[in-house]
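Undergrad: I'd like to ask some things about the structure below.
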Amino acid sequence: MKYFTKFESKAIADQLIDKALFYKANPRIDLAKGSGKRIGCIFLNPSLRTRASTQIAALNLGMEPIVMNMDKEGWALEMKEGAVMNKGTVEHIKDAAAVLGSYFDILAIRAFPSLTNKQEDIEDFIFNQFVKYSGVPVISLESAIRHPLQSLADMITIHELWKGPKKPKVVLTWAPHIKAIPHAVANSFTEWALGCGHELTITHPQDYYLDSQFTKGAKIELDQHKALEDADFVYVKNWSGFNDYGKIVTTDSAWMLTEKHLKHAKHAKVMHCLPVRRNLELSDEILDGKRSIVQQQAENRIYAAQSVISHILG
């Protein structure tokens with residue numbers, strides 16, 4: 001059974017990147033590959049780019065995508081084994097996932113973390129219930145701890161733009177936010193950047209360390225200005241506390257990325273997964289300037305998804 005939930009190996013990553021760039025040049029060349037097959041895109045949380053790009057990717061391969069907003073259109077799901085369902089939940093995940101598995105050739109699931117139950121989130125509990133009971137290949141459209149399609153699109157974008165003989169210096173920098181934000185994008189970007197062999201520096205305030213299972217091999221630099229020196233790519237993202245789980249420890253506006261932050265990184269390109277809170281995480285001058293490659297990342301979401309779906313179809 002093929003799944004796409006995390007970085008697997010550099011060889012597979014290189015294969016997926018090459019295939020994505022092939023599809024970017026020839027979007028509908030494999031239109032017959034998914035003919036007669038269906039992909040079920042199941043959303044337990046909101047989405048814009050992930051929703052649209054996955055549907056377009058499936059259509060480019062001749063598949064029929066069907067989208068369900070389970071948090072609004074489906075029954076309230078019970079996830080716990082052996083639960084006595086005498087409260088708010090109506091259908092058990094065992095039954096729902098098995099039904100979906102019989103309807104679709106591939107499932108694609110989006111399920112955010114609770115940010116309250118740390119152990120359950122680390123285990124990717126909700127997402128893995130679909131994997132456990134559906135009986136078909138499952139693609140992660142973002143889970144409690146990873147967002148692999150986004151990170152694959154990020155690696156595609158870096159691959160397109162980096163032509164230097166040396167490894168690029170990639171910096172992941174924390175940014176302020178008004179809400180407690182999941183760790184999935186930061187975790188996944190770190191995992192993929194390191195796995196693809198990039199030189200990665202992570203910078204954040206004192207109490208925003210990420211889960212060490214993802215950051216092993218990265219340089220941690222708490223001085224943001226020092227971390228940004230000579231950067232080639234700067235990835236801006238907020239995340240909430242990990243040790244003080246799901247908490248907002250600080251909202252220091254000095255961490256918002258501006259041109260002043262990049263005075264010693266003259267050629268740095270700036271990345272963000274979107275949606276972005278303008279003039280909170282990133283300044284207008286960055287987002288609307290020549291450094292920004294966020295729209296290129298967003299377009300590459302289509303071809304990242306198309307590459308993965310094609311890989312699963314075989």
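Numbering starts fresh at 1 for the residues of each chain in the structure tokens, the chains themselves are lettered A, B, ... in the order given, and ligands are numbered from 1 as they appear.
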Per residue of range 287-314 of chain A within 10 Å of range 26-47 of chain A, what are the shortest atom pair and its distance in Å to one decimal, counting only C-alpha atoms, with rows by chain and residue number, as a Markdown table?

TA:
| residue | atom | partner | partner_atom | distance |
| --- | --- | --- | --- | --- |
| A:Ile302 | CA | A:Pro27 | CA | 9.3 |
| A:Tyr303 | CA | A:Pro27 | CA | 8.0 |
| A:Gln306 | CA | A:Pro27 | CA | 8.6 |
| A:Ile309 | CA | A:Gly34 | CA | 9.0 |
| A:Ser310 | CA | A:Lys33 | CA | 7.7 |
| A:Leu313 | CA | A:Gly34 | CA | 7.3 |
| A:Gly314 | CA | A:Lys33 | CA | 8.9 |

Undergrad: List every residue of range 50-203 of chain A that DSSP, applied to the backbone, labels as strand (DSSP E), and write the result as a list in words.

TA: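 Here is the list: Glu64, Pro65, Ile66, Val67, Met68, Asn69, Leu77, Glu78, Glu91, His92, Ile106, Leu107, Ala108, Ile109, Arg110, Val138, Ile139, Ser140, Lys169, Val170, Val171, Leu172, Thr173, Trp174, Glu199, Leu200, Thr201, Ile202 and Thr203 of chain A.
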
Undergrad: Write out as number ranges by chain which residues come within 8 Å of Ser307 in chain A when counting only C-alpha atoms, dropping same-chain ones fewer than 5 positions away.

TA: A: 16-17, 19-20, 23

Undergrad: Take the selection from the previous step and output its residues with N, CA, C and O atoms, as an mmCIF file, in the first residue's frame.

TA:
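Once written, selection_15.cif looks like this:
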data_model
loop_
_atom_site.group_PDB
_atom_site.id
_atom_site.type_symbol
_atom_site.label_atom_id
_atom_site.label_comp_id
_atom_site.auth_asym_id
_atom_site.auth_seq_id
_atom_site.Cartn_x
_atom_site.Cartn_y
_atom_site.Cartn_z
ATOM 1 N N LEU A 16 10.198 12.764 -7.343
ATOM 2 C CA LEU A 16 8.949 13.532 -7.287
ATOM 3 C C LEU A 16 9.137 14.950 -7.815
ATOM 4 O O LEU A 16 8.267 15.488 -8.507
ATOM 5 N N ILE A 17 10.287 15.563 -7.494
ATOM 6 C CA ILE A 17 10.582 16.916 -7.985
ATOM 7 C C ILE A 17 10.706 16.911 -9.503
ATOM 8 O O ILE A 17 10.127 17.764 -10.195
ATOM 9 N N LYS A 19 9.459 14.748 -11.615
ATOM 10 C CA LYS A 19 8.151 14.465 -12.209
ATOM 11 C C LYS A 19 7.251 15.697 -12.144
ATOM 12 O O LYS A 19 6.512 15.996 -13.101
ATOM 13 N N ALA A 20 7.314 16.440 -11.052
ATOM 14 C CA ALA A 20 6.506 17.657 -10.909
ATOM 15 C C ALA A 20 6.877 18.693 -11.966
ATOM 16 O O ALA A 20 6.002 19.329 -12.566
ATOM 17 N N TYR A 23 5.504 17.658 -15.266
ATOM 18 C CA TYR A 23 4.079 17.972 -15.379
ATOM 19 C C TYR A 23 3.831 19.475 -15.507
ATOM 20 O O TYR A 23 2.865 19.897 -16.153
#

Undergrad: With only C-alpha atoms counted and 12 Å as the cut-off, give the residues of range 208-260 of chain A in contact with range 156-161 of chain A, each with its shortest interatomic distance in Å and the pair that gives it, as a tab-separated table.

TA:
residue	atom	partner	partner_atom	distance
A:Asp232	CA	A:Ile158	CA	9.6
A:Phe233	CA	A:Ile158	CA	7.9
A:Val234	CA	A:Ile158	CA	10.7
A:Tyr235	CA	A:Ile158	CA	10.9

Undergrad: Hey, can you spit out that residue selection with N, CA and C atoms as a PDB file, in the first residue's frame?

TA:
ATOM      1  N   ASP A 232      20.130  32.480   1.208  1.00  0.00           N
ATOM      2  CA  ASP A 232      19.687  32.384  -0.182  1.00  0.00           C
ATOM      3  C   ASP A 232      18.164  32.281  -0.263  1.00  0.00           C
ATOM      4  N   PHE A 233      17.574  31.546   0.678  1.00  0.00           N
ATOM      5  CA  PHE A 233      16.120  31.411   0.759  1.00  0.00           C
ATOM      6  C   PHE A 233      15.707  31.594   2.216  1.00  0.00           C
ATOM      7  N   VAL A 234      14.671  32.398   2.440  1.00  0.00           N
ATOM      8  CA  VAL A 234      14.163  32.638   3.790  1.00  0.00           C
ATOM      9  C   VAL A 234      12.699  32.219   3.825  1.00  0.00           C
ATOM     10  N   TYR A 235      12.407  31.220   4.640  1.00  0.00           N
ATOM     11  CA  TYR A 235      11.043  30.714   4.788  1.00  0.00           C
ATOM     12  C   TYR A 235      10.455  31.289   6.070  1.00  0.00           C
TER      13      TYR A 235
END

Undergrad: Residues at most 6 Å from range 201-216 of chain A, counting only C-alpha atoms, excluding those fewer than 4 positions away in the same chain, as a ChimeraX atom specification?

TA: /A:171-174,187,191,220-222,224,241-242

Undergrad: Using only C-alpha atoms for the distances, tell me which of A:Glu299, A:Asp95, A:Glu64, A:Glu259 is nearest to Ser283 in chain A.

TA: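 Looking at the shortest contact to Ser283 in chain A, the residue is A:Glu259.
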